[in-house]
Amino acid sequence: MTDNEQDLAALKRCQAGDVGAVGMLFDAFGDRVFRLSLNLLGCHAEAEDATQEIFLRIYEKAGTFAERSKVSTWVHRLTVNFCLNLLKARKRRPLTLVDGVLEQRAGGEQDASGSLEQRETAAIVHSLLARLPAEARTIFVLREVDCCSYQDIGEILDIAPGTVMSRLSRARVKFRQLASSSAESLGVKVE
């Protein structure tokens, strides 16, 4: 049985009212939903709350899954939509800088062996992400952090793969501009 078949079976159990099946879906997607939420929202506490709320919504909306995509794509889409709605609700207040963003969560704990340089790099990347507009940040994070395919991103955001490529290209350019201007403001020579 493939991962998608297992995920689909768990989702169908949710549709039938089996609350325990949410745990199976959490085991499959919990870390990815948290990381994506953290990278979009920029706040550890908000990402934890969002993750819990997203899994409640997965249970509640299990009946709306039409099997036109993979379960993972549907979960990503719920996550992105939920986080974008949160960002709109807080009226685009600036994101807070969080240590350990872009971390790979293993067992729910931050990698303690990470060097100071890695943590500083993650903080810089996160601060640059926070300065991207929500649409650019979303597409950038889905591709560059979550490594989603263009096809999956298109399904998540309900846009054509060609549109994904052009928006991603603009997001990358904007990210590079922000990185370059930040480096220059710190007196670092950029070539």
# chains A, B, ... in the order shown; residues from 1 in each chain; ligands from 1
call {"tool": "residues_around", "arguments": {"residues": "range 20-25 of chain A", "least_positions_apart": "4", "cutoff": "10 Å", "atoms": "only C-alpha atoms", "output": "PyMOL selection string"}}
result
chain A and resi 6-16+29-30+55-56+58-59+62+71-72+75
call {"tool": "write_last_selection", "arguments": {"atoms": "N, CA, C and O atoms", "output": "compact mmCIF listing (two decimals), in the first residue's frame"}}
result
# COMPACT_ATOMS: atom_id res chain seq x y z
N GLN A 6 -2.46 4.85 2.08
CA GLN A 6 -2.60 4.84 3.54
C GLN A 6 -3.24 6.13 4.03
O GLN A 6 -4.12 6.10 4.90
N ASP A 7 -2.79 7.25 3.48
CA ASP A 7 -3.35 8.55 3.87
C ASP A 7 -4.82 8.63 3.50
O ASP A 7 -5.64 9.14 4.27
N LEU A 8 -5.16 8.12 2.33
CA LEU A 8 -6.54 8.12 1.87
C LEU A 8 -7.41 7.24 2.78
O LEU A 8 -8.53 7.63 3.13
N ALA A 9 -6.88 6.10 3.19
CA ALA A 9 -7.63 5.22 4.09
C ALA A 9 -7.88 5.93 5.43
O ALA A 9 -8.98 5.85 5.99
N ALA A 10 -6.87 6.64 5.94
CA ALA A 10 -7.04 7.38 7.20
C ALA A 10 -8.05 8.50 7.02
O ALA A 10 -8.88 8.74 7.91
N LEU A 11 -8.02 9.17 5.89
CA LEU A 11 -8.96 10.25 5.62
C LEU A 11 -10.39 9.71 5.54
O LEU A 11 -11.33 10.33 6.06
N LYS A 12 -10.55 8.56 4.93
CA LYS A 12 -11.88 7.94 4.85
C LYS A 12 -12.38 7.52 6.23
O LYS A 12 -13.58 7.61 6.51
N ARG A 13 -11.45 7.11 7.09
CA ARG A 13 -11.85 6.80 8.47
C ARG A 13 -12.31 8.07 9.19
O ARG A 13 -13.24 8.03 9.99
N CYS A 14 -11.65 9.18 8.89
CA CYS A 14 -12.10 10.47 9.46
C CYS A 14 -13.51 10.79 8.98
O CYS A 14 -14.35 11.24 9.75
N GLN A 15 -13.76 10.56 7.69
CA GLN A 15 -15.08 10.81 7.12
C GLN A 15 -16.15 10.00 7.84
O GLN A 15 -17.27 10.46 8.00
N ALA A 16 -15.75 8.80 8.28
CA ALA A 16 -16.70 7.92 8.96
C ALA A 16 -16.83 8.26 10.45
O ALA A 16 -17.56 7.60 11.17
N PHE A 29 1.80 13.85 8.48
CA PHE A 29 1.95 15.23 7.99
C PHE A 29 2.26 16.27 9.07
O PHE A 29 2.46 17.43 8.74
N GLY A 30 2.27 15.89 10.33
CA GLY A 30 2.42 16.87 11.41
C GLY A 30 3.65 17.76 11.29
O GLY A 30 3.55 18.98 11.40
N PHE A 55 -5.32 20.41 11.83
CA PHE A 55 -5.70 19.00 11.95
C PHE A 55 -7.16 18.85 12.39
O PHE A 55 -7.82 17.89 12.00
N LEU A 56 -7.66 19.80 13.14
CA LEU A 56 -9.10 19.79 13.43
C LEU A 56 -9.90 19.99 12.14
O LEU A 56 -10.91 19.32 11.90
N ILE A 58 -8.87 19.28 9.13
CA ILE A 58 -8.73 18.08 8.30
C ILE A 58 -9.81 17.08 8.68
O ILE A 58 -10.47 16.50 7.81
N TYR A 59 -10.02 16.91 9.98
CA TYR A 59 -11.06 15.98 10.45
C TYR A 59 -12.44 16.47 10.00
O TYR A 59 -13.24 15.69 9.48
N ALA A 62 -12.81 16.33 6.03
CA ALA A 62 -12.42 15.09 5.36
C ALA A 62 -13.41 14.71 4.26
O ALA A 62 -13.01 14.20 3.20
N VAL A 71 -3.47 13.19 -1.10
CA VAL A 71 -3.87 13.68 0.22
C VAL A 71 -2.87 14.72 0.70
O VAL A 71 -3.24 15.75 1.26
N SER A 72 -1.59 14.49 0.43
CA SER A 72 -0.56 15.44 0.88
C SER A 72 -0.77 16.81 0.25
O SER A 72 -0.58 17.84 0.91
N VAL A 75 -3.66 18.48 2.06
CA VAL A 75 -3.24 18.95 3.39
C VAL A 75 -2.41 20.23 3.25
O VAL A 75 -2.60 21.18 4.01
call {"tool": "closest_residue", "arguments": {"among": "A:Ile139, A:Ala123, A:Leu157, A:Val80", "to": "Ala47 in chain A", "atoms": "only C-alpha atoms"}}
result
A:Val80
call {"tool": "select_by_dssp", "arguments": {"residues": "range 4-173 of chain A", "states": "helix (DSSP H, G or I)", "output": "PyMOL selection string"}}
result
chain A and resi 4-15+21-41+44-64+71-89+116-131+134-145+150-157+161-173
call {"tool": "residues_around", "arguments": {"residues": "Thr79 in chain A", "least_positions_apart": "6", "cutoff": "9 Å", "atoms": "only C-alpha atoms", "output": "tab-separated table (two decimals) with C-alpha atoms, in the first residue's frame"}}
result
chain	number	residue	atom	x	y	z
A	33	VAL	CA	2.32	21.19	8.46
A	34	PHE	CA	4.19	22.72	11.40
A	36	LEU	CA	5.10	25.21	6.57
A	37	SER	CA	3.01	27.10	9.15
A	50	ALA	CA	-2.19	26.67	13.51
A	51	THR	CA	-1.03	23.06	13.29
A	54	ILE	CA	-5.39	22.59	10.74
call {"tool": "atom_distance", "arguments": {"atom1": "CA of Ser181 in chain A", "atom2": "CA of Val164 in chain A"}}
result
25.5 Å
